[in-house]
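To keep things clear, I will list the structure first and then write my remarks on it.
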Number of protein chains: 2
Amino acid sequence: MEEKGILFILSGPSGVGKGTVRKQLFEEDSDLQYSISVTTRAPREGEQDGTDYFFKSREQFENMIENDELIEYAEYVGNYYGTPKQYVEDTLNQGKDVFLEIEVQGAMKVRESLPEGVFIFLFPPSLEELKNRIMHRGTESEELIRNRLLEAKKEIDMMDAYDYVVVNDEIERAVRRIQSIVVSEHCKRERVAKQYKKALGSDLS
Amino acid sequence: MEEKGILFILSGPSGVGKGTVRKQLFEEDSDLQYSISVTTRAPREGEQDGTDYFFKSREQFENMIENDELIEYAEYVGNYYGTPKQYVEDTLNQGKDVFLEIEVQGAMKVRESLPEGVFIFLFPPSLEELKNRIMHRGTESEELIRNRLLEAKKEIDMMDAYDYVVVNDEIERAVRRIQSIVVSEHCKRERVAKQYKKALGSDLS
């Protein structure tokens, strides 16, 4: 039974531990394909083109932006980083799951072009704590508290564009939850029924 | 964070191995609550009312049917068996997941009254095999083959009312898939976001 791969996007507020969780996930899981980014920064010793990154010149990268060849991109300290559309699509078509770990803003861009992706929001360990932190920082002005509340509200609103929310209370548990999401997404009737029907299709109609 | 339990319904064509999978699942998983059935059959030695079954007289059971106190019921060899609505609802309200293992027809009835349940369809190990069995039984009449194809079609159509399809290729793997579905359902944004918003709600509005 041939099945197209599934695109998983892990995102969440900065500082929540996305990188750590993703790293742990990839140490345990060999079936997922981590999306290789395109960058304009120079390769470091030992880094290979097409394995660590796709290395491009600034001109090449800007051409990719113009030709809509990137799902999302950003610029950090003078270098571009982006997610190449072709690579993601090719990998999915090979039946492999692709895993992206990106910032919330990047994830929203991915949602626009690839809404069929599975969007996972990594959440801070404790909301009670977040709330307490926001409300009870005795030394801070009322205005700062208000701003922080608004910021938290924005984050919560972002959550609405995601399919799953995983609490990062413990790395191992967060990883296990993400692994469960991967397995269960492959059992979703909408995905599987189509193949099963296709397999039996012509004889049943 | 208080959360209502989730109702999981495992079903599928007879002979697919529902009972075996459910038994193995409960040996490994203590967080799930198996739904206790109501029955009119006499308790066997050692069986306790409210633990193994809710034991009722025929009159009591028929009153339950009349008063719409059963999610679904059936009669086997002169005895009634049913799923009590109150018990399921109380357990869910206590924040415990409830697990039902029932026939396809019963599952369809549950879907009518509790559409928020998570419906898992257990599928035979190999569709190729099913197809081959249907098509290549040399000794059988064309009419019988046609009937079997129609039966298979009905089963496939039933699948459309389910949320997940789990292939029972190997008991351990099927159990792991169901466990993953349980975990990932608890991470679904629709479920979790509401609580998170509720927890922060008044301060953010």
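Following the order of the structure tokens, chains are lettered A, B, ..., residues in each are numbered from 1, and ligands are numbered from 1.
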
Exercise for review: Excluding Ala193 (chain B) and any residue of its chain fewer than 4 positions from it, enumerate the residues within 8 Å of it, using only C-alpha atoms, and give them as a list in words.
Suggested key: Ile156, Met159, Asp160 and Val165 of chain A; Arg189 and Lys197 of chain B

Check your understanding: Can you list, as a VMD selection string, every residue of region 148-194 of chain B that DSSP puts in helix (DSSP H, G or I)?
Key -> chain B and resid 148 to 159 171 to 185 189 to 194

Review point. Which of these residues is nearest to chain B, using only C-alpha atoms: A:Ile178, A:Asp169, A:Tyr164, A:Asp97?
Key: A:Tyr164

Point to revise | Those of region 44-201 of chain A in DSSP strand (DSSP E), formatted as number ranges by chain | key: A: 54-55, 70-76, 79-84, 97-101, 118-123, 164-167

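If you count only C-alpha atoms and ignore residues fewer than 6 places along the chain from Lys23 (chain B), what sits within 12 Å of it is Leu10, Gly17, Asp29, Ser30, Leu32, Tyr34, Phe99, Leu100, Glu101, Ile171, Glu172, Ala174 and Val175 of chain B.
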
Exercise for review: Would you list the contacts of region 36-50 of chain A as a list in words, taking every protein, DNA or RNA residue within 8 Å and counting only C-alpha atoms, but skipping same-chain residues closer than 6 positions in sequence?
Suggested key: Lys56, Ser57, Arg58, Phe61, Asn79, Tyr80, Tyr81, Gly82, Thr83, Pro84 and Tyr87 of chain A

Can you write out the residues you just picked, keeping C-alpha atoms, as a PDB file, in the first residue's frame?
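Okay, this is what ended up in again-v7.pdb:
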```
ATOM      1  CA  LYS A  56      23.370  28.802  -1.972  1.00  0.00           C
ATOM      2  CA  SER A  57      24.700  32.217  -2.876  1.00  0.00           C
ATOM      3  CA  ARG A  58      22.727  35.263  -1.857  1.00  0.00           C
ATOM      4  CA  PHE A  61      18.559  32.437  -2.581  1.00  0.00           C
ATOM      5  CA  ASN A  79      22.319  35.156   6.327  1.00  0.00           C
ATOM      6  CA  TYR A  80      19.177  33.722   4.802  1.00  0.00           C
ATOM      7  CA  TYR A  81      17.646  30.466   6.019  1.00  0.00           C
ATOM      8  CA  GLY A  82      14.652  28.865   4.325  1.00  0.00           C
ATOM      9  CA  THR A  83      12.633  25.713   3.753  1.00  0.00           C
ATOM     10  CA  PRO A  84      12.793  24.505   0.157  1.00  0.00           C
ATOM     11  CA  TYR A  87      12.734  19.029  -1.300  1.00  0.00           C
TER      12      TYR A  87
END
```

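Among the candidates B:Tyr162, B:Val182, B:Lys4, B:Arg146, the one nearest to Gln195 (chain B) when counting only C-alpha atoms is B:Lys4.
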
I'd like the neighbourhood of region 106-119 of chain B as a PDB file with all heavy atoms, in the first residue's frame, where a residue qualifies if any of its atoms comes within 8 Å (using only C-alpha atoms), though same-chain residues fewer than 2 positions away should be ignored.
```pdb
ATOM      1  N   ILE B   6     -12.239  10.926  27.615  1.00  0.00           N
ATOM      2  CA  ILE B   6     -12.610  10.722  26.206  1.00  0.00           C
ATOM      3  C   ILE B   6     -13.170   9.313  26.040  1.00  0.00           C
ATOM      4  O   ILE B   6     -12.658   8.363  26.627  1.00  0.00           O
ATOM      5  CB  ILE B   6     -11.379  10.918  25.281  1.00  0.00           C
ATOM      6  CG1 ILE B   6     -10.770  12.321  25.478  1.00  0.00           C
ATOM      7  CG2 ILE B   6     -11.758  10.708  23.823  1.00  0.00           C
ATOM      8  CD1 ILE B   6      -9.458  12.538  24.715  1.00  0.00           C
ATOM      9  N   LEU B   7     -14.231   9.212  25.252  1.00  0.00           N
ATOM     10  CA  LEU B   7     -14.826   7.904  24.970  1.00  0.00           C
ATOM     11  C   LEU B   7     -14.207   7.318  23.709  1.00  0.00           C
ATOM     12  O   LEU B   7     -14.265   7.923  22.637  1.00  0.00           O
ATOM     13  CB  LEU B   7     -16.342   8.064  24.787  1.00  0.00           C
ATOM     14  CG  LEU B   7     -17.122   6.808  24.380  1.00  0.00           C
ATOM     15  CD1 LEU B   7     -17.081   5.752  25.469  1.00  0.00           C
ATOM     16  CD2 LEU B   7     -18.567   7.158  24.038  1.00  0.00           C
ATOM     17  N   PHE B   8     -13.582   6.149  23.838  1.00  0.00           N
ATOM     18  CA  PHE B   8     -13.008   5.458  22.690  1.00  0.00           C
ATOM     19  C   PHE B   8     -13.851   4.223  22.368  1.00  0.00           C
ATOM     20  O   PHE B   8     -14.232   3.478  23.273  1.00  0.00           O
ATOM     21  CB  PHE B   8     -11.566   5.027  22.989  1.00  0.00           C
ATOM     22  CG  PHE B   8     -10.637   6.191  23.151  1.00  0.00           C
ATOM     23  CD1 PHE B   8     -10.370   6.716  24.403  1.00  0.00           C
ATOM     24  CD2 PHE B   8     -10.041   6.781  22.045  1.00  0.00           C
ATOM     25  CE1 PHE B   8      -9.522   7.798  24.558  1.00  0.00           C
ATOM     26  CE2 PHE B   8      -9.184   7.874  22.190  1.00  0.00           C
ATOM     27  CZ  PHE B   8      -8.926   8.380  23.452  1.00  0.00           C
ATOM     28  N   ILE B   9     -14.156   4.047  21.103  1.00  0.00           N
ATOM     29  CA  ILE B   9     -14.960   2.905  20.679  1.00  0.00           C
ATOM     30  C   ILE B   9     -14.141   2.085  19.689  1.00  0.00           C
ATOM     31  O   ILE B   9     -13.790   2.565  18.611  1.00  0.00           O
ATOM     32  CB  ILE B   9     -16.282   3.352  20.011  1.00  0.00           C
ATOM     33  CG1 ILE B   9     -17.116   4.147  20.999  1.00  0.00           C
ATOM     34  CG2 ILE B   9     -17.056   2.146  19.500  1.00  0.00           C
ATOM     35  CD1 ILE B   9     -16.968   5.638  20.882  1.00  0.00           C
ATOM     36  N   LEU B  10     -13.838   0.859  20.092  1.00  0.00           N
ATOM     37  CA  LEU B  10     -13.121  -0.044  19.186  1.00  0.00           C
ATOM     38  C   LEU B  10     -14.129  -0.985  18.554  1.00  0.00           C
ATOM     39  O   LEU B  10     -14.899  -1.644  19.256  1.00  0.00           O
ATOM     40  CB  LEU B  10     -12.066  -0.852  19.943  1.00  0.00           C
ATOM     41  CG  LEU B  10     -11.258  -1.833  19.091  1.00  0.00           C
ATOM     42  CD1 LEU B  10     -10.348  -1.099  18.115  1.00  0.00           C
ATOM     43  CD2 LEU B  10     -10.427  -2.770  19.971  1.00  0.00           C
ATOM     44  N   SER B  11     -14.137  -1.037  17.243  1.00  0.00           N
ATOM     45  CA  SER B  11     -15.074  -1.915  16.556  1.00  0.00           C
ATOM     46  C   SER B  11     -14.441  -2.433  15.268  1.00  0.00           C
ATOM     47  O   SER B  11     -13.270  -2.153  14.998  1.00  0.00           O
ATOM     48  CB  SER B  11     -16.366  -1.143  16.269  1.00  0.00           C
ATOM     49  OG  SER B  11     -17.348  -2.009  15.806  1.00  0.00           O
ATOM     50  N   ILE B  71     -26.867   3.136  25.877  1.00  0.00           N
ATOM     51  CA  ILE B  71     -26.310   3.708  24.652  1.00  0.00           C
ATOM     52  C   ILE B  71     -26.556   2.758  23.491  1.00  0.00           C
ATOM     53  O   ILE B  71     -26.861   3.155  22.384  1.00  0.00           O
ATOM     54  CB  ILE B  71     -24.792   3.959  24.806  1.00  0.00           C
ATOM     55  CG1 ILE B  71     -24.542   4.953  25.945  1.00  0.00           C
ATOM     56  CG2 ILE B  71     -24.189   4.484  23.516  1.00  0.00           C
ATOM     57  CD1 ILE B  71     -23.082   5.127  26.290  1.00  0.00           C
ATOM     58  N   GLU B  72     -26.416   1.483  23.775  1.00  0.00           N
ATOM     59  CA  GLU B  72     -26.691   0.445  22.779  1.00  0.00           C
ATOM     60  C   GLU B  72     -26.938  -0.848  23.529  1.00  0.00           C
ATOM     61  O   GLU B  72     -26.511  -0.990  24.674  1.00  0.00           O
ATOM     62  CB  GLU B  72     -25.536   0.305  21.774  1.00  0.00           C
ATOM     63  CG  GLU B  72     -24.168   0.003  22.380  1.00  0.00           C
ATOM     64  CD  GLU B  72     -23.916  -1.485  22.632  1.00  0.00           C
ATOM     65  OE1 GLU B  72     -24.391  -2.333  21.841  1.00  0.00           O
ATOM     66  OE2 GLU B  72     -23.269  -1.798  23.647  1.00  0.00           O
ATOM     67  N   TYR B  73     -27.659  -1.770  22.922  1.00  0.00           N
ATOM     68  CA  TYR B  73     -27.874  -3.075  23.547  1.00  0.00           C
ATOM     69  C   TYR B  73     -28.140  -4.122  22.485  1.00  0.00           C
ATOM     70  O   TYR B  73     -28.454  -3.793  21.327  1.00  0.00           O
ATOM     71  CB  TYR B  73     -29.035  -3.023  24.546  1.00  0.00           C
ATOM     72  CG  TYR B  73     -30.384  -2.864  23.891  1.00  0.00           C
ATOM     73  CD1 TYR B  73     -31.173  -3.988  23.595  1.00  0.00           C
ATOM     74  CD2 TYR B  73     -30.872  -1.606  23.565  1.00  0.00           C
ATOM     75  CE1 TYR B  73     -32.405  -3.838  22.976  1.00  0.00           C
ATOM     76  CE2 TYR B  73     -32.096  -1.451  22.952  1.00  0.00           C
ATOM     77  CZ  TYR B  73     -32.856  -2.563  22.655  1.00  0.00           C
ATOM     78  OH  TYR B  73     -34.074  -2.414  22.039  1.00  0.00           O
ATOM     79  N   ILE B 102     -17.121  -3.020  20.812  1.00  0.00           N
ATOM     80  CA  ILE B 102     -18.437  -3.513  20.393  1.00  0.00           C
ATOM     81  C   ILE B 102     -18.508  -3.806  18.895  1.00  0.00           C
ATOM     82  O   ILE B 102     -17.616  -3.435  18.133  1.00  0.00           O
ATOM     83  CB  ILE B 102     -19.567  -2.504  20.749  1.00  0.00           C
ATOM     84  CG1 ILE B 102     -19.148  -1.082  20.389  1.00  0.00           C
ATOM     85  CG2 ILE B 102     -19.918  -2.592  22.221  1.00  0.00           C
ATOM     86  CD1 ILE B 102     -20.253  -0.068  20.640  1.00  0.00           C
ATOM     87  N   GLU B 103     -19.601  -4.459  18.508  1.00  0.00           N
ATOM     88  CA  GLU B 103     -19.828  -4.788  17.099  1.00  0.00           C
ATOM     89  C   GLU B 103     -20.119  -3.512  16.301  1.00  0.00           C
ATOM     90  O   GLU B 103     -20.511  -2.491  16.864  1.00  0.00           O
ATOM     91  CB  GLU B 103     -21.022  -5.746  16.977  1.00  0.00           C
ATOM     92  CG  GLU B 103     -20.870  -7.047  17.747  1.00  0.00           C
ATOM     93  CD  GLU B 103     -19.646  -7.857  17.312  1.00  0.00           C
ATOM     94  OE1 GLU B 103     -19.379  -7.925  16.099  1.00  0.00           O
ATOM     95  OE2 GLU B 103     -18.954  -8.412  18.182  1.00  0.00           O
ATOM     96  N   VAL B 104     -19.939  -3.618  14.997  1.00  0.00           N
ATOM     97  CA  VAL B 104     -20.115  -2.458  14.117  1.00  0.00           C
ATOM     98  C   VAL B 104     -21.498  -1.826  14.277  1.00  0.00           C
ATOM     99  O   VAL B 104     -21.622  -0.597  14.370  1.00  0.00           O
ATOM    100  CB  VAL B 104     -19.867  -2.851  12.640  1.00  0.00           C
ATOM    101  CG1 VAL B 104     -20.212  -1.704  11.702  1.00  0.00           C
ATOM    102  CG2 VAL B 104     -18.403  -3.248  12.446  1.00  0.00           C
ATOM    103  N   PHE B 121     -11.698   1.823  13.928  1.00  0.00           N
ATOM    104  CA  PHE B 121     -12.096   0.658  13.140  1.00  0.00           C
ATOM    105  C   PHE B 121     -10.906  -0.285  13.030  1.00  0.00           C
ATOM    106  O   PHE B 121      -9.857   0.075  12.490  1.00  0.00           O
ATOM    107  CB  PHE B 121     -12.520   1.129  11.752  1.00  0.00           C
ATOM    108  CG  PHE B 121     -13.256   0.107  10.933  1.00  0.00           C
ATOM    109  CD1 PHE B 121     -14.626  -0.060  11.076  1.00  0.00           C
ATOM    110  CD2 PHE B 121     -12.585  -0.680  10.001  1.00  0.00           C
ATOM    111  CE1 PHE B 121     -15.322  -0.979  10.312  1.00  0.00           C
ATOM    112  CE2 PHE B 121     -13.271  -1.614   9.236  1.00  0.00           C
ATOM    113  CZ  PHE B 121     -14.643  -1.766   9.385  1.00  0.00           C
ATOM    114  N   ALA B 161     -17.630   6.069   8.870  1.00  0.00           N
ATOM    115  CA  ALA B 161     -18.189   6.668  10.079  1.00  0.00           C
ATOM    116  C   ALA B 161     -17.165   6.665  11.224  1.00  0.00           C
ATOM    117  O   ALA B 161     -17.463   7.103  12.330  1.00  0.00           O
ATOM    118  CB  ALA B 161     -19.441   5.925  10.490  1.00  0.00           C
ATOM    119  N   TYR B 162     -15.972   6.176  10.943  1.00  0.00           N
ATOM    120  CA  TYR B 162     -14.948   6.064  11.993  1.00  0.00           C
ATOM    121  C   TYR B 162     -13.902   7.169  11.853  1.00  0.00           C
ATOM    122  O   TYR B 162     -13.741   7.749  10.779  1.00  0.00           O
ATOM    123  CB  TYR B 162     -14.276   4.695  11.916  1.00  0.00           C
ATOM    124  CG  TYR B 162     -15.178   3.584  12.408  1.00  0.00           C
ATOM    125  CD1 TYR B 162     -16.249   3.137  11.631  1.00  0.00           C
ATOM    126  CD2 TYR B 162     -14.983   3.003  13.649  1.00  0.00           C
ATOM    127  CE1 TYR B 162     -17.097   2.137  12.083  1.00  0.00           C
ATOM    128  CE2 TYR B 162     -15.812   2.000  14.107  1.00  0.00           C
ATOM    129  CZ  TYR B 162     -16.871   1.568  13.323  1.00  0.00           C
ATOM    130  OH  TYR B 162     -17.697   0.586  13.776  1.00  0.00           O
ATOM    131  N   ASP B 163     -13.217   7.433  12.961  1.00  0.00           N
ATOM    132  CA  ASP B 163     -12.178   8.450  12.945  1.00  0.00           C
ATOM    133  C   ASP B 163     -10.815   7.870  12.576  1.00  0.00           C
ATOM    134  O   ASP B 163     -10.002   8.532  11.955  1.00  0.00           O
ATOM    135  CB  ASP B 163     -12.086   9.114  14.328  1.00  0.00           C
ATOM    136  CG  ASP B 163     -13.406   9.730  14.739  1.00  0.00           C
ATOM    137  OD1 ASP B 163     -13.855  10.644  14.029  1.00  0.00           O
ATOM    138  OD2 ASP B 163     -13.995   9.280  15.741  1.00  0.00           O
ATOM    139  N   TYR B 164     -10.596   6.642  12.988  1.00  0.00           N
ATOM    140  CA  TYR B 164      -9.299   5.997  12.745  1.00  0.00           C
ATOM    141  C   TYR B 164      -9.501   4.580  12.215  1.00  0.00           C
ATOM    142  O   TYR B 164     -10.492   3.931  12.543  1.00  0.00           O
ATOM    143  CB  TYR B 164      -8.480   5.914  14.040  1.00  0.00           C
ATOM    144  CG  TYR B 164      -8.090   7.260  14.599  1.00  0.00           C
ATOM    145  CD1 TYR B 164      -8.855   7.873  15.592  1.00  0.00           C
ATOM    146  CD2 TYR B 164      -6.946   7.920  14.144  1.00  0.00           C
ATOM    147  CE1 TYR B 164      -8.494   9.114  16.111  1.00  0.00           C
ATOM    148  CE2 TYR B 164      -6.579   9.154  14.659  1.00  0.00           C
ATOM    149  CZ  TYR B 164      -7.356   9.746  15.643  1.00  0.00           C
ATOM    150  OH  TYR B 164      -6.992  10.966  16.143  1.00  0.00           O
TER     151      TYR B 164
END
```

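Taking only C-alpha atoms into account, chain B lies nearest to A:Lys188 out of the set A:Lys188, A:Lys194, A:Arg22, A:Lys85.
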
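Proximity ranking of B:Gly5, B:Lys154, B:Ser180, B:His186 relative to chain A places B:Ser180 first, based on only C-alpha atoms.
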
Exercise for review: Go through A:Val167, A:Asp68, A:Glu3, A:Phe55 one by one, measure the shortest atom-to-atom distance of each to Thr91 (chain A) using only C-alpha atoms, and give the residue with the smallest value.
Suggested key: A:Glu3

Study note, to complete from the structure: Expressed in Å, the length from CA of Glu190 (chain A) to CA of Met158 (chain B) is 13.0 Å

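Using only C-alpha atoms, the smallest distance between any of B:Glu59, B:Glu27, B:Asp157, B:Glu170 and chain A comes from B:Asp157.
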
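The space between CA of Gly19 (chain B) and CA of Val183 (chain B) spans 21.0 Å.
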